[in-house]
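**Student:** First the structure, which I've put down as structure tokens, then a few questions once you've had a look.
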Amino acid sequence: LGLPVITLLSDFGLQDGYAASMKGVILDICPDARLVDISHLISPQNIASGAFVLYATYQYFPPGTVHLAVVDPGVGAERGAIAVRTATSFFVGPDNGLFSLILKKETWWEARRLENTQFRRSPMSSTFHGRDLFAPAAAHLARGAGFSTMGPVCDAVLAHWSEPTITKGEIIGEVIHIDRFGNAITNVQSKMLEELGSLDKWTIKAGKSEVGSIKRTYGRVGAGKALALTGSSGFIEIAVNRGSAAWELKLKSGTTVIFKPADS
Amino acid sequence: LGLPVITLLSDFGLQDGYAASMKGVILDICPDARLVDISHLISPQNIASGAFVLYATYQYFPPGTVHLAVVDPGVGAERGAIAVRTATSFFVGPDNGLFSLILKKETWWEARRLENTQFRRSPMSSTFHGRDLFAPAAAHLARGAGFSTMGPVCDAVLAHWSEPTITKGEIIGEVIHIDRFGNAITNVQSKMLEELGSLDKWTIKAGKSEVGSIKRTYGRVGAGKALALTGSSGFIEIAVNRGSAAWELKLKSGTTVIFKPADS
Amino acid sequence: LGLPVITLLSDFGLQDGYAASMKGVILDICPDARLVDISHLISPQNIASGAFVLYATYQYFPPGTVHLAVVDPGVGAERGAIAVRTATSFFVGPDNGLFSLILKKETWWEARRLENTQFRRSPMSSTFHGRDLFAPAAAHLARGAGFSTMGPVCDAVLAHWSEPTITKGEIIGEVIHIDRFGNAITNVQSKMLEELGSLDKWTIKAGKSEVGSIKRTYGRVGAGKALALTGSSGFIEIAVNRGSAAWELKLKSGTTVIFKPADS
């Protein structure tokens, strides 16, 4: 068995030492923990973006990994604080929908409210639950504390997430994330398209731009040309070969993407 | 006992591999070291900002941690190079005030000048002391070298740090750091306010904006409204609920913040 | 012997979790691996910049380190995928010139094509070879897999790299990298200048600006003044004391830098 792995995701940025404070707290409780940053550059207080990045990443980590995620517009307000256990992993963070994509996918999970005061820093600040509440809980889980000692069983918020709709044979989706390269990730999974027929049969319109059919690789179109392809997380994304689709096609979070059967 | 922890703080940025060069040097000397970045995005050559971020973070790390910090406008000039030991931690870096906030707080400390040539890379470059001088010294400390072998005992620069002043019952402070969220951290600690009476009794003006009294949480004001609260490092900070105080109230490093007793 | 070290360099950025996916895959295969980021902020698809940063950094890591580097404009196109072994280190990534500066410097190396399907994730995505092809190969190497099991021996692309030319006793070089501080690193190594006479004898013109002779430290010129000096990687760089040479002297990648003998 390897050392316990704890990942960290937040909107804290990298300049102020906030993520490092959480790491110090963790190493003080669980000196063996292997710490891996997923991202601290989630757009501030954007729960949906944090949910997507965590969803696209968590499945690649070893069984037993503890995922500590803090994107928390409501710190200090009346949202809950939870730990969640799935068949393979643990999640710790605010109960605001940050884990909803994962919980919708997993067939079994259990949530516990973080009420055990032994697993908190004292005094607990009212502004930095990442350091004083979530980091200690994650560290104790990684160190082997029983999941049931975290607190009582509870529900978890399953925030609404934009789901694609089908109208007259067309699928109406939208952009849910723009990545560093300007690729626009949609909420339509390639397996949904395959269930409705071959991947080849769809023609795509993203915002005001006709993007054509789904290609296997960037190299199938010339430099500067737009294309659609199955992204690395299984969702259809809109890209421009050697360019930025977000910039060149004016795509952003929420832009409508329409999938038409080629024979329509 | 856990593995030795070394933290890194610098203004080197994340794009050029400078911090990674230091980590390579450290792992070559001390293969067991646990490396944790505090920040490499300190504003270039801004000693005060580096001092604040290190101060706000170091106390959360386990006893024995070695903090390697390099914000160094005077590299190659006639500033000294030091290691400092406190009751719980070690610090390695240029002797330019980067550790002054910490040393003013700690009741006991000892500084040594880094004169032991065994703890340097050879030849030593004249431009990258982080890699050639500070990283090796930090690694040898983490590996167990005696503190006294670093070099002779010396003084350390305790740079002036803006201290709040009291005039006619009002406290005149200033902004010393703007964080990623646009929160403006002041140089006034909440314990100073408490020593002069209850936290509740103060009304705050930041720059040209009346911010009102000190709240316990962001949630106590509506979205887009300004508030003052005790930040996670114990200093009073000015924030805007779900917004940026720096942007919306035009605050920056050095902006005056006035604390008035409510009954004045 | 220490734990195996794997470094990561890419143009994936830090916001989307792409680098973290690679780390999850690595830790699943090689739980003991020590992971060190060199940079994930290489300018998108800029092989030359990635090659320079890797070159400037790799030599500081312990023997046996595996360097995983992915800057890959041709993902999915017909470029090869390789592992390279030198006397001290391993390199894994696309065969597109990313390792060429290193291979030109090293006296011995051997490349293998990554054809062993046991060292891949399955199914392998067509867009994220960093996660599905390169990360598993690097992890297996770090875990001790024989280098020859990676695949058959092959050549490696040695992309042309701008080399300085000598005309009438003058050296004509160019800027190859701009770092965070605005320092402009040239393709002229100080040892080349020394072979042609003393370092002191050269006078430098960068773009349209006369920079004067080569100084030993920043402190040798006043604040705001330009200078040339030997950078930490052995190349001559143009800097401005407490300022940005790129900004103030209008330097960028490709700007010509001329070295004249002082007696000409």
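In the structure tokens, chains take letters A, B, ... by order of appearance, with residues numbered from 1 within each chain and ligands from 1 in the order shown.
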Mind checking which residues fall within 8 Å of range 36-38 of chain C, counting only C-alpha atoms, ignoring those fewer than 6 positions away in the same chain, and posting them as a count of residues only?
**Tutor:** 13
**Student:** Going by DSSP on the backbone, which bits of range 27-239 of chain A are strand (DSSP E or B)? Write them as a ChimeraX atom specification, please.
**Tutor:** /A:34-39,66-70,81-86,90-94,109-113,153-154,165-167,170-178,184-189,202-206,209-215,226-230,235-239
**Student:** Neighbouring residues of Asn46 in chain A were defined as those with any atom within 10 Å, considering only C-alpha atoms; residues of the same chain fewer than 2 positions away were excluded. Please report them as a PyMOL selection string.
**Tutor:** chain A and resi 10-11+42-44+48-51+71-73+98
**Student:** Using only C-alpha atoms, find the residues of chain A whose closest atom to chain B is at most 9 Å away, then write them as a ChimeraX atom specification.
**Tutor:** /A:11-32,34-35,44-45,73-78,125-128,131
**Student:** Could you save those same residues with N, CA, C and O atoms as a short mmCIF file (atom, residue, chain, number, x, y, z; two decimals), in the first residue's frame?
**Tutor:**
data_model
loop_
_atom_site.label_atom_id
_atom_site.label_comp_id
_atom_site.auth_asym_id
_atom_site.auth_seq_id
_atom_site.Cartn_x
_atom_site.Cartn_y
_atom_site.Cartn_z
N ASP A 11 -10.41 27.72 -5.07
CA ASP A 11 -10.32 28.98 -5.82
C ASP A 11 -9.43 29.97 -5.08
O ASP A 11 -9.58 31.18 -5.24
N PHE A 12 -8.47 29.47 -4.31
CA PHE A 12 -7.65 30.33 -3.45
C PHE A 12 -6.54 31.05 -4.21
O PHE A 12 -5.91 31.96 -3.67
N GLY A 13 -6.27 30.65 -5.44
CA GLY A 13 -5.13 31.22 -6.14
C GLY A 13 -3.82 30.68 -5.60
O GLY A 13 -3.80 29.86 -4.66
N LEU A 14 -2.73 31.14 -6.18
CA LEU A 14 -1.41 30.62 -5.83
C LEU A 14 -0.51 31.67 -5.22
O LEU A 14 0.64 31.41 -4.90
N GLN A 15 -1.00 32.88 -5.04
CA GLN A 15 -0.11 33.96 -4.65
C GLN A 15 -0.03 34.20 -3.15
O GLN A 15 0.97 34.71 -2.66
N ASP A 16 -1.06 33.83 -2.40
CA ASP A 16 -1.20 34.31 -1.03
C ASP A 16 -0.83 33.30 0.06
O ASP A 16 -0.88 33.63 1.23
N GLY A 17 -0.53 32.07 -0.33
CA GLY A 17 -0.18 31.08 0.68
C GLY A 17 -1.36 30.39 1.33
O GLY A 17 -1.19 29.62 2.26
N TYR A 18 -2.58 30.63 0.84
CA TYR A 18 -3.74 29.99 1.46
C TYR A 18 -3.69 28.46 1.32
O TYR A 18 -3.96 27.73 2.28
N ALA A 19 -3.38 27.98 0.12
CA ALA A 19 -3.29 26.53 -0.06
C ALA A 19 -2.18 25.95 0.80
O ALA A 19 -2.31 24.86 1.36
N ALA A 20 -1.08 26.69 0.93
CA ALA A 20 0.03 26.21 1.75
C ALA A 20 -0.36 26.09 3.22
O ALA A 20 0.07 25.16 3.90
N SER A 21 -1.19 26.99 3.70
CA SER A 21 -1.65 26.87 5.10
C SER A 21 -2.40 25.55 5.30
O SER A 21 -2.20 24.86 6.31
N MET A 22 -3.24 25.19 4.33
CA MET A 22 -3.94 23.90 4.42
C MET A 22 -2.94 22.74 4.43
O MET A 22 -3.10 21.76 5.17
N LYS A 23 -1.91 22.85 3.59
CA LYS A 23 -0.92 21.76 3.53
C LYS A 23 -0.14 21.64 4.84
O LYS A 23 0.16 20.53 5.28
N GLY A 24 0.19 22.78 5.45
CA GLY A 24 0.88 22.74 6.73
C GLY A 24 0.04 22.04 7.78
O GLY A 24 0.52 21.16 8.50
N VAL A 25 -1.25 22.38 7.83
CA VAL A 25 -2.16 21.75 8.78
C VAL A 25 -2.24 20.24 8.53
O VAL A 25 -2.21 19.43 9.46
N ILE A 26 -2.32 19.86 7.26
CA ILE A 26 -2.40 18.43 6.92
C ILE A 26 -1.14 17.69 7.36
O ILE A 26 -1.21 16.63 7.99
N LEU A 27 0.03 18.24 7.04
CA LEU A 27 1.28 17.55 7.37
C LEU A 27 1.51 17.48 8.87
O LEU A 27 2.19 16.57 9.36
N ASP A 28 0.96 18.41 9.59
CA ASP A 28 1.09 18.36 11.04
C ASP A 28 0.28 17.20 11.62
O ASP A 28 0.68 16.60 12.62
N ILE A 29 -0.84 16.87 10.98
CA ILE A 29 -1.71 15.78 11.45
C ILE A 29 -1.31 14.45 10.83
O ILE A 29 -1.31 13.41 11.47
N CYS A 30 -0.94 14.47 9.56
CA CYS A 30 -0.67 13.24 8.81
C CYS A 30 0.64 13.42 8.03
O CYS A 30 0.62 13.76 6.85
N PRO A 31 1.77 13.24 8.72
CA PRO A 31 3.07 13.57 8.10
C PRO A 31 3.38 12.76 6.84
O PRO A 31 4.19 13.17 6.03
N ASP A 32 2.71 11.62 6.66
CA ASP A 32 2.99 10.78 5.51
C ASP A 32 2.20 11.17 4.27
O ASP A 32 2.39 10.60 3.20
N ARG A 34 0.73 12.32 0.89
CA ARG A 34 1.24 12.80 -0.40
C ARG A 34 0.25 13.85 -0.90
O ARG A 34 -0.92 13.53 -1.11
N LEU A 35 0.71 15.06 -1.10
CA LEU A 35 -0.17 16.16 -1.46
C LEU A 35 -0.07 16.46 -2.96
O LEU A 35 1.03 16.63 -3.49
N PRO A 44 -13.05 32.40 -9.05
CA PRO A 44 -13.53 32.62 -7.67
C PRO A 44 -15.02 32.35 -7.50
O PRO A 44 -15.85 32.87 -8.25
N GLN A 45 -15.33 31.48 -6.53
CA GLN A 45 -16.71 31.19 -6.12
C GLN A 45 -17.54 30.54 -7.23
O GLN A 45 -18.77 30.50 -7.15
N PRO A 73 -18.67 30.02 -1.80
CA PRO A 73 -19.23 31.38 -1.71
C PRO A 73 -19.91 31.63 -0.38
O PRO A 73 -20.02 32.76 0.06
N GLY A 74 -20.33 30.57 0.29
CA GLY A 74 -21.14 30.75 1.48
C GLY A 74 -20.40 30.54 2.78
O GLY A 74 -21.01 30.27 3.80
N VAL A 75 -19.04 30.68 2.76
CA VAL A 75 -18.31 30.46 4.00
C VAL A 75 -18.90 31.34 5.09
O VAL A 75 -19.12 32.53 4.91
N GLY A 76 -19.16 30.72 6.22
CA GLY A 76 -19.73 31.47 7.33
C GLY A 76 -21.24 31.54 7.28
O GLY A 76 -21.88 31.83 8.28
N ALA A 77 -21.80 31.29 6.10
CA ALA A 77 -23.27 31.28 6.00
C ALA A 77 -23.78 29.89 6.38
O ALA A 77 -23.03 29.05 6.86
N GLU A 78 -25.02 29.64 6.12
CA GLU A 78 -25.63 28.44 6.65
C GLU A 78 -25.55 27.24 5.71
O GLU A 78 -26.50 26.50 5.57
N SER A 125 -11.49 29.79 12.76
CA SER A 125 -11.80 31.10 12.20
C SER A 125 -13.14 31.03 11.48
O SER A 125 -13.60 29.97 11.06
N SER A 126 -13.77 32.19 11.33
CA SER A 126 -15.04 32.20 10.62
C SER A 126 -14.86 32.39 9.12
O SER A 126 -15.82 32.32 8.37
N THR A 127 -13.62 32.64 8.67
CA THR A 127 -13.42 32.93 7.25
C THR A 127 -12.61 31.88 6.51
O THR A 127 -12.60 31.86 5.30
N PHE A 128 -11.91 30.99 7.20
CA PHE A 128 -10.99 30.08 6.51
C PHE A 128 -11.27 28.64 6.94
O PHE A 128 -10.45 28.01 7.58
N ARG A 131 -8.73 25.80 5.96
CA ARG A 131 -7.59 25.52 6.86
C ARG A 131 -8.05 24.92 8.18
O ARG A 131 -7.41 24.00 8.71
#
**Student:** By how many Å are CA of Leu193 in chain A and CA of Lys168 in chain A apart?
**Tutor:**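 Atom-to-atom, CA of Leu193 in chain A and CA of Lys168 in chain A are spaced 14.7 Å apart.
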**Student:** Contacts of Gly173 in chain B at 10 Å or less, counting only C-alpha atoms, minus same-chain residues fewer than 5 places along, as an MDAnalysis selection string?
**Tutor:** chainID B and resid 162:166 186:189 206 254:259
**Student:** Can you write out the residues you just picked, keeping C-alpha atoms, as a PDB file, in the first residue's frame?
**Tutor:**
ATOM      1  CA  SER B 162       4.221  50.052   9.053  1.00  0.00           C
ATOM      2  CA  GLU B 163       2.737  50.079  12.535  1.00  0.00           C
ATOM      3  CA  PRO B 164      -0.694  51.571  13.177  1.00  0.00           C
ATOM      4  CA  THR B 165      -0.746  54.821  15.156  1.00  0.00           C
ATOM      5  CA  ILE B 166      -3.323  56.107  17.631  1.00  0.00           C
ATOM      6  CA  THR B 186      -4.594  45.918   7.002  1.00  0.00           C
ATOM      7  CA  ASN B 187      -1.745  46.197   9.490  1.00  0.00           C
ATOM      8  CA  VAL B 188      -4.227  46.315  12.400  1.00  0.00           C
ATOM      9  CA  GLN B 189      -4.655  43.122  14.387  1.00  0.00           C
ATOM     10  CA  ALA B 206     -11.023  52.399   4.180  1.00  0.00           C
ATOM     11  CA  GLY B 254      -0.574  51.792   1.471  1.00  0.00           C
ATOM     12  CA  THR B 255      -4.183  53.018   1.417  1.00  0.00           C
ATOM     13  CA  THR B 256      -5.076  54.532   4.817  1.00  0.00           C
ATOM     14  CA  VAL B 257      -7.657  52.706   6.955  1.00  0.00           C
ATOM     15  CA  ILE B 258      -9.123  54.556   9.959  1.00  0.00           C
ATOM     16  CA  PHE B 259     -10.768  52.862  12.942  1.00  0.00           C
TER      17      PHE B 259
END
**Student:** Mind pulling up the distance from CA of Met192 in chain C to CA of Ala262 in chain C?
**Tutor:**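 Result for CA of Ala262 in chain C versus CA of Met192 in chain C: 16.0 Å, one decimal.
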**Student:** Distance CA of Lys208 in chain A-CA of Val175 in chain A, one decimal place?
**Tutor:**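 Interatomic distance here is 13.1 Å.
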**Student:** Leaving out Lys201 in chain B and any residue of its chain fewer than 3 positions from it, which residues lie within 10 Å of it when counting only C-alpha atoms, given as an MDAnalysis selection string?
**Tutor:** chainID B and resid 193:194 196:198 213:214 259:264
**Student:** Go ahead and dump the residues you just picked, C-alpha atoms, as a PDB file, in the first residue's frame.
**Tutor:**
ATOM      1  CA  LEU B 193      -8.788  46.562  18.857  1.00  0.00           C
ATOM      2  CA  GLU B 194      -9.912  44.228  21.618  1.00  0.00           C
ATOM      3  CA  LEU B 196      -8.783  49.039  23.438  1.00  0.00           C
ATOM      4  CA  GLY B 197     -12.351  47.837  23.958  1.00  0.00           C
ATOM      5  CA  SER B 198     -14.815  45.516  22.316  1.00  0.00           C
ATOM      6  CA  SER B 213     -18.542  47.911  11.973  1.00  0.00           C
ATOM      7  CA  ILE B 214     -16.637  44.625  12.107  1.00  0.00           C
ATOM      8  CA  PHE B 259     -10.768  52.862  12.942  1.00  0.00           C
ATOM      9  CA  LYS B 260     -13.093  55.159  14.930  1.00  0.00           C
ATOM     10  CA  PRO B 261     -14.729  54.294  18.244  1.00  0.00           C
ATOM     11  CA  ALA B 262     -18.465  54.156  17.551  1.00  0.00           C
ATOM     12  CA  ASP B 263     -19.193  56.630  20.333  1.00  0.00           C
ATOM     13  CA  SER B 264     -16.904  59.324  18.906  1.00  0.00           C
TER      14      SER B 264
END
**Student:** Counting only C-alpha atoms, what is within 9 Å of Asn116 in chain C, bar same-chain residues fewer than 3 positions away, as JSON, numbers by chain?
**Tutor:** {"C": [113, 119, 120, 137, 149, 150, 151, 152]}
**Student:** Tell me, counting only C-alpha atoms, for each residue of range 187-220 of chain C within 12 Å of range 244-251 of chain C, which pair of atoms is nearest and how far apart they are in Å to one decimal, in rows ordered by chain and increasing number, as JSON lines.
**Tutor:**
{"residue": "C:Lys205", "atom": "CA", "partner": "C:Leu249", "partner_atom": "CA", "distance": 10.5}
{"residue": "C:Ala206", "atom": "CA", "partner": "C:Leu251", "partner_atom": "CA", "distance": 7.5}
{"residue": "C:Gly207", "atom": "CA", "partner": "C:Leu251", "partner_atom": "CA", "distance": 6.6}
{"residue": "C:Lys208", "atom": "CA", "partner": "C:Leu249", "partner_atom": "CA", "distance": 7.7}
{"residue": "C:Ser209", "atom": "CA", "partner": "C:Leu249", "partner_atom": "CA", "distance": 6.5}
{"residue": "C:Glu210", "atom": "CA", "partner": "C:Leu249", "partner_atom": "CA", "distance": 9.7}
{"residue": "C:Val211", "atom": "CA", "partner": "C:Leu249", "partner_atom": "CA", "distance": 9.6}
**Student:** How about saving the chosen residues, all heavy atoms kept, as an mmCIF file, in the first residue's frame?
**Tutor:**
data_model
loop_
_atom_site.group_PDB
_atom_site.id
_atom_site.type_symbol
_atom_site.label_atom_id
_atom_site.label_comp_id
_atom_site.auth_asym_id
_atom_site.auth_seq_id
_atom_site.Cartn_x
_atom_site.Cartn_y
_atom_site.Cartn_z
ATOM 1 N N LYS C 205 24.844 45.021 -28.016
ATOM 2 C CA LYS C 205 23.688 45.784 -28.492
ATOM 3 C C LYS C 205 22.503 44.824 -28.601
ATOM 4 O O LYS C 205 22.557 43.839 -29.332
ATOM 5 C CB LYS C 205 23.990 46.411 -29.847
ATOM 6 C CG LYS C 205 22.850 47.292 -30.356
ATOM 7 C CD LYS C 205 23.236 47.994 -31.662
ATOM 8 C CE LYS C 205 22.158 48.974 -32.100
ATOM 9 N NZ LYS C 205 22.511 49.609 -33.402
ATOM 10 N N ALA C 206 21.433 45.092 -27.853
ATOM 11 C CA ALA C 206 20.246 44.222 -27.853
ATOM 12 C C ALA C 206 19.114 44.985 -28.516
ATOM 13 O O ALA C 206 18.677 46.009 -27.994
ATOM 14 C CB ALA C 206 19.881 43.842 -26.421
ATOM 15 N N GLY C 207 18.659 44.499 -29.650
ATOM 16 C CA GLY C 207 17.675 45.267 -30.408
ATOM 17 C C GLY C 207 18.282 46.603 -30.780
ATOM 18 O O GLY C 207 19.361 46.652 -31.381
ATOM 19 N N LYS C 208 17.645 47.666 -30.366
ATOM 20 C CA LYS C 208 18.154 49.006 -30.704
ATOM 21 C C LYS C 208 18.917 49.649 -29.550
ATOM 22 O O LYS C 208 19.247 50.829 -29.604
ATOM 23 C CB LYS C 208 16.972 49.895 -31.115
ATOM 24 C CG LYS C 208 16.277 49.389 -32.361
ATOM 25 C CD LYS C 208 15.173 50.301 -32.835
ATOM 26 C CE LYS C 208 14.648 49.808 -34.181
ATOM 27 N NZ LYS C 208 13.457 50.562 -34.636
ATOM 28 N N SER C 209 19.174 48.884 -28.488
ATOM 29 C CA SER C 209 19.756 49.486 -27.279
ATOM 30 C C SER C 209 21.194 49.037 -27.057
ATOM 31 O O SER C 209 21.480 47.832 -27.057
ATOM 32 C CB SER C 209 18.927 49.091 -26.049
ATOM 33 O OG SER C 209 17.577 49.445 -26.222
ATOM 34 N N GLU C 210 22.086 50.012 -26.832
ATOM 35 C CA GLU C 210 23.450 49.701 -26.408
ATOM 36 C C GLU C 210 23.420 49.336 -24.933
ATOM 37 O O GLU C 210 22.916 50.101 -24.101
ATOM 38 C CB GLU C 210 24.358 50.921 -26.623
ATOM 39 C CG GLU C 210 24.489 51.365 -28.072
ATOM 40 C CD GLU C 210 25.302 50.397 -28.919
ATOM 41 O OE1 GLU C 210 25.940 49.480 -28.340
ATOM 42 O OE2 GLU C 210 25.274 50.538 -30.159
ATOM 43 N N VAL C 211 23.929 48.165 -24.598
ATOM 44 C CA VAL C 211 23.826 47.673 -23.224
ATOM 45 C C VAL C 211 25.183 47.738 -22.512
ATOM 46 O O VAL C 211 25.265 47.582 -21.300
ATOM 47 C CB VAL C 211 23.258 46.238 -23.236
ATOM 48 C CG1 VAL C 211 23.180 45.655 -21.843
ATOM 49 C CG2 VAL C 211 21.878 46.220 -23.874
#
